[in-house]
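Accompanying notes for the structure given below.
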2 protein chains.
Amino acid sequence: MSYLDNFHEFKYTETMSALLKQALHGDVRALSRLISSIESRSANSFKLMPAIYDARKGANYIGITGPPGAGKSTIVDFLIKLMRKEGKKVGVVAIDPSSPFSGGAVLGDRIRMQDHATDPFVFIRSLGSRGSHGGLSRATRDIVYCLDAAGFDWIIIETVGVGQTELDIMELAETTVVILVPEAGDTIQTMKAGLTEIADIFVVNKADRPGADQMSLWLSSMIEMGKTNSKWKTPVILTKGLEGDGMMQLYKKIKEHAKFVAFDKDRRKRRDEIRAIEFIQMCQDTLAQKLNDSIAKNKRITKIIKEVASGKENPYRMIPKVLKYI
Amino acid sequence: MSYLDNFHEFKYTETMSALLKQALHGDVRALSRLISSIESRSANSFKLMPAIYDARKGANYIGITGPPGAGKSTIVDFLIKLMRKEGKKVGVVAIDPSSPFSGGAVLGDRIRMQDHATDPFVFIRSLGSRGSHGGLSRATRDIVYCLDAAGFDWIIIETVGVGQTELDIMELAETTVVILVPEAGDTIQTMKAGLTEIADIFVVNKADRPGADQMSLWLSSMIEMGKTNSKWKTPVILTKGLEGDGMMQLYKKIKEHAKFVAFDKDRRKRRDEIRAIEFIQMCQDTLAQKLNDSIAKNKRITKIIKEVASGKENPYRMIPKVLKYI
């Protein structure tokens, strides 16, 4: 994405700084505009990220994932209610990387917000990939830091599916809840061993359907097999999303795990590793941004791209010629 | 990935050039080693890509995608047989981006190869993402060009699932076949409008199961609604993978579409656009590679990364300090 793409971008960084100040002081509309700017990967929002990072207040990051139709949003809505009862502020980032074409995410937002529309301490934002080509997990990270800076206590990162993007996103979460349904055999086949590696808590939702106990047993034996030296014992919780059964138990386990990761040595080591990987990705992103700026500004690069596009030039041979100008 | 990661890498580019020559002359073992080198994103294989690109012979690239359990591999195996009957050489790249953890891909290879093990004109390779973090679609592209250069007439790109990585990969295919099963309602919900945008041919497999006709009608009406000015009419084909029903019809349609894209003006324009996007990605990759080289070699960068990893430094603030050294 080049600077030129950001039609909605504010002209001056001063305006952006003012927006950040307002957002950090609890102005929800300012926060919403700031997040839109981050989502569009605007150059001005990039400039604010150092300050946003410094302003983080230490929220708990909870990842919730599972196949479509597992009842993720119902469970998230219940969790929001439980967290609000304790006076906690909740931010939700809901990501659907598999729908790059639809504007459905925004519609989903509106429907889901109705429940909490009058509550200024609940903030829900849906992200679709909309041509972001791998930028989604980075945008999510920056948005989560922004919500953290804005003072939300719990930040829930909800993703559909089990692809690479989702796994990247889940690295951001300190506690990952994987939600399945009794008939999710196919999904498990796809997720394979990865399931137990990412899950800190398993939920078998719609537990009144046939096969729930079987699924629960199967997950438990998979956990047993994949056992590591970690002191955390991954629980399997049966829930009925619509009735709220098992929801208190889930919330309790989430709180337990949030405490666990804060002090566990292995988890902190893993967190350091992730920080290093993230940082290298950030450097890569910045390089890519520089490339895009050069493409937008330099006519010699534009000419090379046209020749490659038409099939006249060998792209692999043209790479060094472009990089020369950066 | 840095140069240092490539333990299996050949020491001299001369050896790689010899390998390429052998691969282009039909040496399957040389081809296999060359592809492994490309898959690992080795610096030496990068150096060969200009020559590989020039050596392409104009194969047809066919994408085959759909949810897990739709019967993709059974259908691909049937297509291979039909193509071989006409004396065509077939290369298959099977990608499962959702299994980054398992080495299952390799096992799958062995099982699938048994059918065609004695046939030097069938080449099957499975790719898992194995920590490639977005590099998978680029590796796939380079491997497909390599198979094209090696003289395969048909190159089948088979992917599981419907995430962003799969969509990126499918841009490489000139003809995309989407395979569904009668009960794939959930998948369709996830894929939404995107389905008709990527599919040139729909297959409803396992068509003896209940709901097949309904699914077929529903797809047809979705195609009708999403109708563009294209002269291609997306067909919906009912198949029974295990019995081979509908398979001849599918192959016929694939051949028809391959001819269609070669001459259709809109499709050629789209191809040019994709070439431009791919080229920019290649430039980005090369920049990322340069960054990784610097990280491996420069101790000042290593120090900064350590400070970020430990949480001592703000990563966003450290980016320019690292890029200074590149």
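As shown in the structure tokens, the chain order sets the letters A, B, ...; within each chain, residues go from 1, and ligands are also counted from 1 in the order they appear.
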
- Message: With only C-alpha atoms as the counted atoms, please give the residues lying no more than 12 Å from Met49 (chain A), apart from itself and same-chain residues fewer than 6 positions off, as number ranges by chain.
- Response: A: 16-17, 20, 34-35, 37-38, 41-43, 55-56, 138-139, 141-146, 149, 282; B: 314-319

- Could you tell me, as an MDAnalysis selection string, which residues of region 110-277 of chain B DSSP assigns to strand (DSSP E or B) when given the backbone? chainID B and resid 122:128 154:160 175:180 201:204 236:238 240 245

So that I have them on file, write out the residues from the current selection with C-alpha atoms, as a CSV table (one decimal), in the first residue's frame.
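Final output, saved to out-v3.csv:
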```csv
chain,number,residue,atom,x,y,z
B,122,VAL,CA,4.2,-37.6,-13.4
B,123,PHE,CA,5.8,-35.5,-10.7
B,124,ILE,CA,4.0,-34.8,-7.4
B,125,ARG,CA,5.3,-32.6,-4.6
B,126,SER,CA,3.5,-31.6,-1.4
B,127,LEU,CA,4.3,-28.4,0.4
B,128,GLY,CA,3.5,-27.6,4.0
B,154,TRP,CA,-0.2,-29.6,-17.2
B,155,ILE,CA,0.7,-28.2,-13.8
B,156,ILE,CA,-1.9,-28.8,-11.2
B,157,ILE,CA,-1.8,-26.6,-8.1
B,158,GLU,CA,-3.9,-28.3,-5.4
B,159,THR,CA,-4.6,-26.4,-2.2
B,160,VAL,CA,-6.7,-27.3,0.9
B,175,THR,CA,-7.9,-22.1,-14.6
B,176,THR,CA,-9.3,-22.6,-11.1
B,177,VAL,CA,-11.5,-25.5,-10.2
B,178,VAL,CA,-13.4,-25.3,-6.9
B,179,ILE,CA,-14.5,-28.6,-5.5
B,180,LEU,CA,-17.3,-28.8,-3.0
B,201,ILE,CA,-15.3,-24.4,-12.9
B,202,PHE,CA,-17.4,-25.7,-10.0
B,203,VAL,CA,-17.4,-29.4,-9.1
B,204,VAL,CA,-20.0,-30.9,-6.7
B,236,VAL,CA,-21.2,-26.7,-12.4
B,237,ILE,CA,-20.2,-30.3,-12.8
B,238,LEU,CA,-21.4,-33.2,-10.7
B,240,LYS,CA,-18.4,-39.1,-8.0
B,245,ASP,CA,-18.4,-40.2,-13.0
```

- Query: Using only C-alpha atoms, which of A:Gly151, A:Gly244, A:Pro67, A:Pro235 sits nearest chain B?
  - Reply: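 Smallest separation from chain B among the options: A:Pro67.
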
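Nearest-residue note for Arg270 (chain B): choosing from A:Met215, A:Ser310, A:Leu82, A:Lys233, the minimum distance belongs to A:Ser310, counting only C-alpha atoms.
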
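Nearest to chain B of all the residues A:Ile52, A:Ala18, A:Leu242, A:Leu219 is A:Ile52, based on only C-alpha atoms.
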
- Please indicate the distance in Å from CA of Asp153 (chain B) to CA of Gly241 (chain B), rounded to one decimal place.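 A separation of 23.1 Å between them.
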
- Item | Straight-line distance linking CA of Gln22 (chain B) with CA of Phe46 (chain B), stated in Å to one decimal |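 Going from CA of Gln22 (chain B) over to CA of Phe46 (chain B) covers 17.6 Å.
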
- Counting only C-alpha atoms, the residue of B:Arg209, B:Arg33, B:Lys227, B:Arg271 that sits nearest chain A: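 Of the candidates, the smallest distance to chain A is held by B:Arg271.
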